[in-house]
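**Student:** final04.cif is the file, holding mmCIF, C-alpha atoms:
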```
data_my_file
loop_
_atom_site.label_atom_id
_atom_site.label_comp_id
_atom_site.auth_asym_id
_atom_site.auth_seq_id
_atom_site.Cartn_x
_atom_site.Cartn_y
_atom_site.Cartn_z
CA MET A 18 -14.55 -16.04 21.41
CA ASP A 19 -17.27 -13.43 21.70
CA MET A 20 -19.62 -14.11 18.81
CA LYS A 21 -22.33 -11.69 19.98
CA LEU A 22 -22.95 -9.13 17.26
CA ASN A 23 -25.10 -6.04 17.46
CA LEU A 24 -25.75 -6.14 13.74
CA LYS A 25 -26.69 -9.14 11.66
CA PRO A 26 -23.88 -10.42 9.42
CA LEU A 27 -24.46 -9.56 5.80
CA ASP A 28 -25.21 -12.12 3.17
CA ARG A 29 -22.44 -12.56 0.59
CA GLU A 30 -24.91 -12.19 -2.27
CA PHE A 31 -26.12 -8.89 -0.83
CA VAL A 32 -22.55 -7.61 -0.65
CA VAL A 33 -21.93 -8.61 -4.28
CA GLU A 34 -25.17 -6.90 -5.35
CA THR A 35 -24.21 -3.72 -3.48
CA MET A 36 -20.88 -3.68 -5.30
CA LYS A 37 -22.85 -2.98 -8.47
CA GLU A 38 -23.52 0.48 -7.02
CA LEU A 39 -19.85 1.34 -7.37
CA PRO A 40 -19.72 4.46 -9.46
CA PRO A 41 -18.70 3.74 -13.04
CA PHE A 42 -15.91 5.67 -14.68
CA SER A 43 -17.05 8.74 -16.54
CA SER A 44 -17.56 8.48 -20.29
CA ALA A 45 -14.44 10.57 -20.81
CA ILE A 46 -12.31 8.12 -18.82
CA ASN A 47 -13.89 5.18 -20.60
CA ASP A 48 -13.12 6.83 -23.96
CA LEU A 49 -9.53 7.31 -22.89
CA LEU A 50 -9.13 3.72 -21.67
CA LYS A 51 -10.77 2.45 -24.84
CA ILE A 52 -8.26 4.18 -27.10
CA LEU A 53 -5.45 2.96 -24.83
CA ASP A 54 -6.72 -0.57 -25.42
CA GLU A 55 -6.34 0.00 -29.15
CA ASN A 56 -2.62 -0.56 -29.30
CA ASN A 57 -2.18 1.29 -32.55
CA THR A 58 -3.40 4.65 -31.24
CA ASP A 59 -0.98 7.52 -31.61
CA MET A 60 0.28 8.55 -28.14
CA SER A 61 -0.15 12.22 -29.09
CA THR A 62 -3.89 11.59 -29.44
CA ILE A 63 -3.92 9.96 -26.01
CA ALA A 64 -2.08 12.92 -24.50
CA VAL A 65 -4.66 15.32 -25.95
CA LYS A 66 -7.51 13.25 -24.47
CA LEU A 67 -5.73 13.10 -21.14
CA LEU A 68 -5.30 16.87 -21.02
CA VAL A 69 -9.09 17.21 -20.74
CA ASP A 70 -8.44 16.59 -17.05
CA PRO A 71 -5.46 18.79 -16.13
CA VAL A 72 -5.22 17.42 -12.58
CA LEU A 73 -5.04 13.82 -13.78
CA ALA A 74 -2.65 14.78 -16.58
CA GLY A 75 -0.44 16.55 -14.06
CA ARG A 76 -0.37 13.53 -11.79
CA VAL A 77 0.58 11.29 -14.71
CA LEU A 78 3.46 13.66 -15.45
CA HIS A 79 4.55 13.68 -11.80
CA MET A 80 4.48 9.91 -11.63
CA ALA A 81 6.44 9.62 -14.87
CA ASN A 82 9.16 11.68 -13.18
CA SER A 83 9.20 9.58 -10.00
CA SER A 84 11.93 7.08 -9.15
CA PHE A 85 9.44 4.29 -9.90
CA TYR A 86 10.27 4.61 -13.58
CA GLY A 87 13.87 5.66 -13.01
CA PHE A 88 14.39 7.93 -16.01
CA SER A 89 17.66 9.82 -15.85
CA ARG A 90 16.25 13.04 -17.26
CA GLN A 91 13.19 15.16 -16.52
CA ILE A 92 10.09 14.43 -18.59
CA GLY A 93 8.64 17.82 -19.42
CA THR A 94 5.28 17.29 -21.08
CA VAL A 95 2.30 14.96 -20.85
CA ARG A 96 2.80 13.98 -24.48
CA GLU A 97 6.42 13.05 -23.82
CA ALA A 98 5.37 11.07 -20.74
CA CYS A 99 2.84 9.11 -22.82
CA VAL A 100 5.39 8.37 -25.54
CA ILE A 101 8.14 7.29 -23.13
CA LEU A 102 5.97 5.25 -20.77
CA GLY A 103 4.02 3.54 -23.53
CA ASN A 104 0.47 2.39 -23.90
CA HIS A 105 0.36 -0.37 -21.27
CA THR A 106 2.01 1.66 -18.51
CA VAL A 107 -0.06 4.80 -19.12
CA ARG A 108 -3.19 2.66 -18.97
CA ASN A 109 -2.17 1.16 -15.61
CA LEU A 110 -1.20 4.55 -14.30
CA ILE A 111 -4.50 6.16 -15.25
CA TYR A 112 -6.40 3.29 -13.66
CA THR A 113 -4.36 3.70 -10.50
CA LEU A 114 -4.86 7.44 -10.23
CA VAL A 115 -8.56 7.36 -11.10
CA VAL A 116 -9.45 4.55 -8.69
CA MET A 117 -7.48 6.17 -5.87
CA GLY A 118 -9.30 9.42 -6.67
CA GLN A 119 -12.65 7.69 -6.18
CA PHE A 120 -11.99 7.20 -2.49
CA GLU A 121 -10.07 10.24 -1.42
CA SER A 122 -11.13 11.36 2.02
CA THR A 123 -8.48 13.63 3.37
CA MET A 124 -6.80 14.83 0.23
CA ASP A 125 -8.01 18.22 -0.82
CA LYS A 126 -7.87 18.03 -4.58
CA THR A 127 -10.35 19.21 -7.13
CA SER A 128 -10.46 17.33 -10.36
CA GLU A 129 -13.08 18.01 -12.95
CA GLY A 130 -13.87 16.37 -16.23
CA LEU A 131 -12.45 12.88 -16.16
CA SER A 132 -12.30 11.99 -12.49
CA LEU A 133 -15.29 10.98 -10.45
CA ASN A 134 -14.89 11.48 -6.74
CA VAL A 135 -16.61 9.71 -3.88
CA ARG A 136 -15.66 11.78 -0.86
CA THR A 137 -16.49 11.16 2.75
CA ASP A 138 -16.25 13.66 5.58
CA PRO A 139 -12.91 12.85 7.25
CA ASP A 140 -14.33 13.65 10.70
CA LYS A 141 -16.83 10.82 10.35
CA LEU A 142 -14.28 8.24 9.32
CA THR A 143 -13.25 5.46 11.68
CA VAL A 144 -11.03 4.16 8.92
CA ASP A 145 -8.51 6.70 7.71
CA TYR A 146 -8.48 6.15 3.96
CA GLN A 147 -5.17 7.90 3.55
CA GLN A 148 -3.61 5.60 6.13
CA VAL A 149 -5.01 2.62 4.22
CA TRP A 150 -3.60 3.96 0.93
CA GLN A 151 -0.21 4.58 2.51
CA HIS A 152 -0.04 1.02 3.84
CA SER A 153 -1.07 -0.17 0.38
CA LEU A 154 1.58 1.97 -1.27
CA MET A 155 4.27 0.44 0.93
CA VAL A 156 3.01 -3.04 0.03
CA GLY A 157 3.15 -2.06 -3.65
CA CYS A 158 6.69 -0.71 -3.29
CA LEU A 159 7.90 -3.84 -1.49
CA GLY A 160 6.19 -5.99 -4.11
CA MET A 161 7.72 -4.02 -6.94
CA ARG A 162 11.25 -4.24 -5.49
CA LEU A 163 10.96 -7.96 -4.73
CA ALA A 164 9.04 -9.19 -7.79
CA GLU A 165 12.05 -9.44 -10.04
CA SER A 166 13.80 -11.85 -7.67
CA ILE A 167 10.91 -14.31 -8.01
CA GLU A 168 10.63 -13.73 -11.77
CA CYS A 169 7.31 -11.88 -11.63
CA ASP A 170 6.23 -8.70 -13.37
CA GLN A 171 7.13 -5.65 -11.26
CA GLU A 172 4.27 -3.48 -12.44
CA THR A 173 1.69 -6.19 -11.69
CA ALA A 174 3.20 -6.64 -8.23
CA PHE A 175 3.05 -2.91 -7.59
CA THR A 176 -0.55 -2.53 -8.74
CA ALA A 177 -1.76 -5.62 -6.86
CA GLY A 178 -0.07 -4.31 -3.71
CA LEU A 179 -1.55 -0.87 -4.17
CA PHE A 180 -5.09 -2.22 -4.52
CA HIS A 181 -5.08 -5.16 -2.09
CA GLU A 182 -6.84 -3.02 0.54
CA LEU A 183 -9.32 -1.42 -1.86
CA GLY A 184 -11.89 -3.87 -0.46
CA THR A 185 -11.37 -2.44 3.04
CA ILE A 186 -12.29 1.01 1.78
CA ILE A 187 -15.21 -0.28 -0.28
CA LEU A 188 -16.62 -2.25 2.68
CA HIS A 189 -16.29 0.76 4.95
CA HIS A 190 -17.80 3.03 2.33
CA PHE A 191 -20.90 0.90 1.73
CA PHE A 192 -21.36 -0.66 5.17
CA PRO A 193 -19.82 1.75 7.71
CA LYS A 194 -21.72 0.50 10.78
CA GLN A 195 -21.09 -3.16 10.03
CA PHE A 196 -17.46 -2.48 9.25
CA ASP A 197 -16.94 -0.56 12.49
CA GLU A 198 -18.42 -3.47 14.39
CA CYS A 199 -16.26 -5.86 12.40
CA ILE A 200 -13.15 -3.90 13.47
CA THR A 201 -14.20 -3.82 17.11
CA TRP A 202 -14.98 -7.55 17.08
CA SER A 203 -11.67 -8.27 15.41
CA LYS A 204 -9.74 -6.33 18.05
CA ASN A 205 -11.69 -7.70 21.01
CA ASN A 206 -11.26 -11.28 19.88
CA SER A 207 -7.72 -10.96 18.49
CA VAL A 208 -8.95 -12.18 15.14
CA CYS A 209 -7.29 -10.77 12.03
CA LEU A 210 -9.37 -8.52 9.82
CA ILE A 211 -9.71 -10.92 6.89
CA GLU A 212 -11.20 -13.60 9.14
CA ALA A 213 -13.50 -11.08 10.81
CA GLU A 214 -14.66 -9.86 7.40
CA ARG A 215 -15.54 -13.40 6.39
CA GLU A 216 -17.74 -13.61 9.52
CA PHE A 217 -19.42 -10.26 8.87
CA PHE A 218 -19.62 -10.05 5.09
CA GLY A 219 -19.16 -13.60 3.83
CA MET A 220 -15.94 -12.61 2.10
CA ASP A 221 -12.73 -10.74 2.83
CA HIS A 222 -11.28 -7.49 1.52
CA PHE A 223 -8.99 -9.27 -0.97
CA GLN A 224 -12.06 -10.74 -2.68
CA ILE A 225 -13.88 -7.41 -2.51
CA SER A 226 -10.83 -5.69 -4.01
CA ALA A 227 -10.91 -8.19 -6.89
CA LEU A 228 -14.63 -7.58 -7.41
CA GLY A 229 -14.11 -3.82 -7.41
CA LEU A 230 -11.30 -3.96 -9.95
CA ASP A 231 -13.33 -6.36 -12.07
CA THR A 232 -16.17 -3.82 -12.09
CA TRP A 233 -13.73 -1.29 -13.50
CA ASN A 234 -12.31 -3.75 -16.06
CA PHE A 235 -8.83 -3.95 -14.61
CA PRO A 236 -6.50 -6.47 -16.27
CA ASN A 237 -7.17 -10.06 -15.16
CA THR A 238 -3.53 -10.57 -14.20
CA ILE A 239 -4.01 -8.15 -11.30
CA ILE A 240 -7.48 -9.39 -10.34
CA ASP A 241 -6.19 -12.98 -10.19
CA VAL A 242 -3.44 -12.01 -7.76
CA LEU A 243 -6.00 -10.47 -5.40
CA LYS A 244 -8.33 -13.48 -5.66
CA HIS A 245 -5.48 -15.85 -4.83
CA MET A 246 -4.40 -13.74 -1.86
CA SER A 247 -7.61 -14.86 -0.20
CA TYR A 248 -6.45 -18.50 -0.10
CA GLN A 249 -6.07 -19.39 3.55
CA VAL A 250 -3.18 -21.79 3.16
CA SER A 251 -1.22 -20.67 0.11
CA CYS A 252 -1.46 -20.89 -3.65
CA ASP A 253 1.00 -22.23 -6.21
CA SER A 254 1.56 -18.90 -7.90
CA PRO A 255 4.37 -16.94 -6.18
CA LEU A 256 3.03 -13.40 -6.61
CA PRO A 257 -0.10 -13.59 -4.39
CA ASN A 258 2.08 -15.16 -1.68
CA LEU A 259 4.65 -12.40 -2.09
CA ILE A 260 2.02 -9.68 -1.67
CA ARG A 261 0.74 -11.37 1.51
CA ILE A 262 4.29 -11.24 2.87
CA CYS A 263 4.63 -7.59 1.86
CA ASP A 264 1.33 -6.90 3.66
CA VAL A 265 2.82 -8.18 6.93
CA MET A 266 6.15 -6.41 6.36
CA ALA A 267 4.49 -3.04 5.72
CA CYS A 268 2.73 -3.34 9.10
CA GLY A 269 6.06 -4.26 10.68
CA LEU A 270 7.60 -1.14 9.18
CA GLY A 271 5.02 0.96 11.03
CA LEU A 272 2.49 1.43 8.25
CA GLU A 273 -0.59 -0.47 9.37
CA PRO A 274 -3.81 0.11 7.38
CA ILE A 275 -5.83 0.37 10.60
CA LYS A 276 -4.05 0.98 13.89
CA SER A 277 -3.83 -1.77 16.51
CA MET A 278 -5.41 -4.48 14.38
CA PRO A 279 -4.15 -8.06 14.73
CA LEU A 280 -1.82 -9.01 11.89
CA SER A 281 -3.11 -11.16 9.03
CA ALA A 282 -0.48 -13.80 9.59
CA ILE A 283 1.22 -15.86 6.91
CA ASN A 284 2.29 -19.48 7.26
CA ASP A 285 5.22 -21.54 6.02
CA GLY A 286 3.34 -22.53 2.86
CA ILE A 287 2.95 -18.89 1.84
CA LEU A 288 6.58 -18.11 2.59
CA HIS A 289 7.83 -21.20 0.75
CA ASN A 290 5.58 -20.81 -2.30
CA SER A 291 6.52 -17.16 -2.69
CA LYS A 292 10.03 -18.39 -3.62
CA LEU A 293 11.32 -15.31 -1.83
CA ASP A 294 14.86 -15.34 -0.50
CA PRO A 295 14.89 -13.85 3.06
CA LYS A 296 18.25 -12.19 2.38
CA ILE A 297 16.81 -10.39 -0.64
CA LEU A 298 13.79 -9.35 1.42
CA ARG A 299 16.11 -7.85 4.06
CA ASP A 300 18.24 -6.09 1.43
CA GLN A 301 15.25 -4.54 -0.33
CA LEU A 302 13.72 -2.88 2.74
CA THR A 303 15.67 0.37 2.41
CA PRO A 304 15.15 0.70 -1.37
CA SER A 305 11.45 -0.01 -0.83
CA ARG A 306 11.21 2.73 1.79
CA MET A 307 12.97 5.14 -0.56
CA LEU A 308 10.53 4.31 -3.35
CA PHE A 309 7.64 4.70 -0.92
CA SER A 310 8.79 8.16 0.12
CA ASP A 311 9.14 9.29 -3.46
CA LEU A 312 5.76 7.94 -4.59
CA SER A 313 4.00 9.11 -1.43
CA ALA A 314 5.06 12.64 -2.31
CA GLN A 315 3.78 12.20 -5.88
CA LEU A 316 0.49 10.54 -5.01
CA PHE A 317 -0.53 12.27 -1.80
CA ALA A 318 1.20 15.65 -1.81
CA MET B 25 14.95 13.25 23.92
CA LYS B 26 13.91 14.67 20.59
CA LYS B 27 14.71 17.86 18.80
CA GLU B 28 13.60 19.56 15.64
CA ILE B 29 16.43 20.34 13.28
CA ASP B 30 16.86 22.04 9.94
CA ILE B 31 17.13 19.54 7.09
CA ASP B 32 20.54 21.01 6.26
CA ASP B 33 21.75 19.85 9.69
CA ALA B 34 20.52 16.29 9.16
CA MET B 35 23.19 13.59 9.16
CA PRO B 36 23.30 9.89 8.34
CA GLU B 37 22.44 7.55 11.25
CA MET B 38 20.13 10.10 12.84
CA LEU B 39 16.80 8.55 13.77
CA LEU B 40 13.44 10.07 13.04
CA VAL B 41 11.33 10.17 16.19
CA GLU B 42 8.39 11.66 14.30
CA GLY B 43 7.28 10.66 10.83
CA VAL B 44 7.95 13.14 8.04
CA ARG B 45 4.72 14.22 6.41
CA THR B 46 3.64 16.29 3.43
CA LYS B 47 1.49 19.39 3.85
CA VAL B 48 -1.67 17.28 3.54
CA GLY B 49 -0.47 14.76 6.12
CA ALA B 50 0.77 11.94 3.88
CA VAL B 51 3.65 9.98 5.38
CA LEU B 52 6.91 10.44 3.51
CA LEU B 53 8.93 8.50 6.06
CA PRO B 54 7.58 6.74 9.15
CA GLU B 55 9.06 7.31 12.60
CA GLY B 56 11.99 5.09 13.43
CA THR B 57 13.61 5.57 10.03
CA GLU B 58 17.38 5.86 10.16
CA LEU B 59 18.63 8.63 7.89
CA SER B 60 21.12 8.02 5.12
CA GLU B 61 22.66 10.39 2.57
CA LYS B 62 20.12 9.18 0.01
CA ILE B 63 17.14 9.70 2.32
CA ILE B 64 18.34 13.18 3.31
CA GLY B 65 18.73 14.05 -0.37
CA LEU B 66 15.24 12.78 -1.05
CA LEU B 67 13.74 14.85 1.76
CA LYS B 68 15.50 17.95 0.45
CA SER B 69 14.21 17.28 -3.05
CA LYS B 70 10.68 17.10 -1.62
CA GLY B 71 11.06 20.50 0.02
CA VAL B 72 11.11 19.22 3.61
CA ALA B 73 12.54 22.03 5.78
CA ASN B 74 12.63 20.49 9.28
CA ILE B 75 12.66 17.04 10.80
CA THR B 76 12.43 15.74 14.36
CA VAL B 77 15.21 13.37 15.37
CA SER B 78 16.62 11.75 18.45
CA THR B 79 20.15 12.59 19.57
CA MET B 80 22.57 11.52 16.87
CA HIS B 81 24.40 8.89 18.89
CA GLY B 82 24.19 7.38 22.34
CA PRO B 83 21.34 6.27 24.55
CA SER B 84 18.59 8.30 22.87
CA ALA B 85 19.17 6.74 19.49
CA SER B 86 19.46 3.39 21.15
CA SER B 87 16.19 3.83 23.03
CA CYS B 88 14.45 4.77 19.79
CA LYS B 89 15.63 1.54 18.22
CA THR B 90 14.62 -0.35 21.33
CA ALA B 91 11.11 1.11 21.04
CA GLU B 92 10.92 -0.02 17.41
CA VAL B 93 12.04 -3.53 18.34
CA GLU B 94 9.48 -3.64 21.15
CA ARG B 95 6.75 -2.49 18.78
CA VAL B 96 7.58 -5.23 16.29
CA ASN B 97 7.81 -7.88 19.01
CA LYS B 98 4.40 -6.84 20.36
CA LEU B 99 2.87 -6.92 16.88
CA PHE B 100 4.19 -10.42 16.22
CA THR B 101 3.65 -11.91 19.70
CA PRO B 102 0.29 -13.57 18.87
CA HIS B 103 2.07 -15.43 16.03
CA LYS B 104 5.23 -16.50 17.82
CA GLU B 105 4.44 -20.18 17.23
CA GLU B 106 4.28 -19.67 13.46
CA PRO B 107 7.80 -20.17 12.01
CA ALA B 108 7.13 -18.02 8.91
CA MET B 109 6.02 -15.10 11.07
CA ALA B 110 9.07 -15.56 13.30
CA ASP B 111 11.25 -15.32 10.18
CA LEU B 112 9.61 -12.05 9.12
CA ARG B 113 9.85 -10.67 12.65
CA ASP B 114 13.58 -11.47 12.78
CA ILE B 115 14.17 -9.71 9.46
CA LEU B 116 12.33 -6.62 10.71
CA ILE B 117 14.18 -6.58 14.01
CA ASP B 118 17.52 -7.00 12.26
CA TYR B 119 16.60 -4.09 9.98
CA LEU B 120 15.02 -1.73 12.51
CA GLY B 121 17.06 -2.65 15.56
CA GLY B 122 20.50 -2.74 13.96
CA ASP B 123 23.15 -3.35 16.61
CA ILE B 124 20.57 -3.77 19.36
CA GLY B 125 18.59 -6.30 17.29
CA ASN B 126 18.24 -9.97 18.04
CA GLY B 127 21.59 -10.91 16.59
CA HIS B 128 19.99 -13.14 13.95
CA GLU B 129 21.85 -12.77 10.72
CA VAL B 130 19.46 -12.95 7.77
CA LYS B 131 20.80 -15.62 5.49
CA SER B 132 20.07 -16.43 1.91
CA LYS B 133 18.04 -19.58 1.24
CA THR B 134 20.87 -20.86 -0.87
CA ALA B 135 23.63 -19.96 1.60
#
```
Represent the structure contained in this file as structure tokens.

**Tutor:**
Amino acid sequence: MDMKLNLKPLDREFVVETMKELPPFSSAINDLLKILDENNTDMSTIAVKLLVDPVLAGRVLHMANSSFYGFSRQIGTVREACVILGNHTVRNLIYTLVVMGQFESTMDKTSEGLSLNVRTDPDKLTVDYQQVWQHSLMVGCLGMRLAESIECDQETAFTAGLFHELGTIILHHFFPKQFDECITWSKNNSVCLIEAEREFFGMDHFQISALGLDTWNFPNTIIDVLKHMSYQVSCDSPLPNLIRICDVMACGLGLEPIKSMPLSAINDGILHNSKLDPKILRDQLTPSRMLFSDLSAQLFA
Amino acid sequence: MKKEIDIDDAMPEMLLVEGVRTKVGAVLLPEGTELSEKIIGLLKSKGVANITVSTMHGPSASSCKTAEVERVNKLFTPHKEEPAMADLRDILIDYLGGDIGNGHEVKSKTA
């Protein structure tokens, strides 16, 4: 294996310190999330706060009307969406949309007020962020469709799937040269990305994803899934193992996060501890693709 | 062979030879997807006007499936000794390859 590197591997502590430079949410978003944490807040008040950012409010409304939530009738207003979806779901949805908005690279949207955008010139990207998000969305959709069969929460599975590659984007954003070399080294040596990242950064993108979400005060249930995905053998909890499987399946369905990268393989322990029935996995591929298509139109259109 | 068709002319079992994308380039459906009534309805609801498909039946559709199976086999080749990866590969080939797949029936754990 070619271990010759042009750039010195980064120290884990340095990477963790750099993560502190992640842009915080704006005070308006923090205010909104704070009142969502207060379970007794009137949803009409939340809707009014949300409308400060019309783009974000519009995306919440679009998502509420997607097949993900499966309502039989059209939800017409942001207030109605907040009331029907409820406190917990609106909170998760806002987190999802805001964090994705932080790393948009090819999506031409302007959002003022609540959202804070870190944009990179698409021509300079070696990692296509939209491609990474689309892979992640497929992982989230597979996770969501399969979670029920292993008695796990569908929304947690979806969110963990959606953010499992956040670390890839963060690493590329902060350390573009090192990450490019990491990708090249990974391809040249047929080493999967998570192992290459451990060589270059002292940790992998699952751990970085968990650190990023922790910085933004995501629920611990989601952060724990991402931390456990980093286990090299398997963990006892079924959900992290399920998301690892979904990660491989999404690549197999033609949605790789980075083209021509070696797969991050799973082993028998991961498959067994996921408690996933292969027949159910096979049967849920079409519904997962349908959900992906619907959400892709809502999130990226 | 591929041809661009109007979404109103789309029929179940047609195979996409190019992914369907939104105006900003987001993938709605990746290439290799076999159309169904539901998927066609979804594309119409998203305002998709045209899609690029292989010939509806016959060797073109078959070659598209073969290409998908080859892609999956290539992706999984480095892990062929890992039984769990072989299981996932077989599920994908059964799904994407259909009648030209590997003939492995995906069985329930409890079956």

**Student:** For chain A against chain B, which residues fall within 7 Å using only C-alpha atoms, given as a list in words?

**Tutor:**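 Listed by rising number, the hits are Met124, Gly269, Gly271, Ala282, Ile283, Asn284, Asp285, Leu288, Asp294, Pro295, Lys296, Arg299, Met307, Ser310, Ser313, Ala314, Phe317 and Ala318 of chain A.
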
**Student:** Counting all atoms listed in the file, which of B:Lys68, B:Ile75, B:Glu105, B:Lys26 gets nearest to Ser87 (chain B)?

**Tutor:**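 Result for the nearest residue to Ser87 (chain B): B:Lys26.
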
**Student:** In Å, how far is it from CA of Asp48 (chain A) to CA of Leu67 (chain A)?

**Tutor:**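 Going from CA of Asp48 (chain A) over to CA of Leu67 (chain A), I get 10.1 Å.
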
**Student:** Measuring atom to atom with all atoms listed in the file, identify which of B:Ala91, B:Leu59, B:Leu40, B:Val77 is nearest to Glu28 (chain B).

**Tutor:**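 Among the listed residues, the smallest separation from Glu28 (chain B) belongs to B:Val77.
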
**Student:** CA of Val33 (chain A) and CA of Arg215 (chain A) are how many Å apart?

**Tutor:**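 That distance, rounded to one decimal, is 13.3 Å.
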
**Student:** Which residues come within 9 Å of Ile200 (chain A), counting only C-alpha atoms, excluding same-chain residues fewer than 5 positions away, as a PyMOL selection string?

**Tutor:** chain A and resi 195+205+210+213-214+275+278

**Student:** Box along x, y and z, 6 Å on every side, all listed atoms of region 90-103 of chain B inside: centre and edge lengths in Å to one decimal, as AutoDock Vina command-line options.

**Tutor:**
```
--center_x 7.5 --center_y -7.2 --center_z 18.7 --size_x 26.3 --size_y 28.5 --size_z 17.3
```

**Student:** Provide the CA of Glu55 (chain A) to CA of Ser89 (chain A) distance in Å, to one decimal place.

**Tutor:**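 Atom-to-atom, CA of Glu55 (chain A) and CA of Ser89 (chain A) are spaced 29.1 Å apart.
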
**Student:** Could you check which of B:Ile64, B:Glu42, B:Lys89, B:Ala73 is closest to Asp30 (chain B), using all atoms listed in the file?

**Tutor:**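 Among B:Ile64, B:Glu42, B:Lys89, B:Ala73, it is B:Ala73 that comes nearest to Asp30 (chain B).
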
**Student:** Using the chain letters and numbers from this file, what does the PyMOL selection byres ((chain A and resi 158) around 8) select? Give the answer as a list of chain:residue names.

**Tutor:**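 Selected by the PyMOL selection byres ((chain A and resi 158) around 8) here: A:Leu154, A:Met155, A:Val156, A:Gly157, A:Leu159, A:Gly160, A:Met161, A:Arg162, A:Phe175, A:Gly178, A:Ser305, A:Arg306, A:Leu308, A:Phe309.
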
**Student:** Step by step, work through what the PyMOL selection byres ((chain A and resi 91) around 10) selects in the shown file, and finish by giving those residues as an MDAnalysis selection string.

**Tutor:** chainID A and resid 78:79 81:83 88:90 92:94 98

**Student:** Under the PyMOL selection byres ((chain A and resi 224) around 9), which residues of this model are included? Write them out as a PyMOL selection string.

**Tutor:** chain A and resi 181+184+220-223+225-229+243-247

**Student:** Would you mind telling me which residue in B:Asp33, B:Glu94, B:Lys104, B:Val41 lies nearest to Thr76 (chain B) when using only C-alpha atoms?

**Tutor:**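 Of B:Asp33, B:Glu94, B:Lys104, B:Val41, the one nearest Thr76 (chain B) is B:Val41, counting only C-alpha atoms.
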
**Student:** So, counting all atoms listed in the file, which residue among B:Val72, B:Lys98, B:Cys88, B:Gly65 is closest to Leu39 (chain B)?

**Tutor:**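 When distances to Leu39 (chain B) are compared using all atoms listed in the file, the smallest one comes from B:Cys88.
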
**Student:** For Gly122 (chain B), which of B:Glu37, B:Gly71, B:Asp32, B:Lys27 is the closest residue, counting all atoms listed in the file?

**Tutor:**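 Distance minimum relative to Gly122 (chain B) lands on B:Glu37.
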
**Student:** Which polymer residues have any atom within 10 Å of an atom of region 105-113 of chain A, counting only C-alpha atoms, with same-chain residues fewer than 2 positions away left out, as an NGL selection string?

**Tutor:** :A and (42 or 46 or 49-54 or 56 or 60 or 63-64 or 67 or 73-74 or 76-77 or 80-81 or 98-103 or 115-118 or 172-173 or 176 or 179-180 or 230 or 233-236)
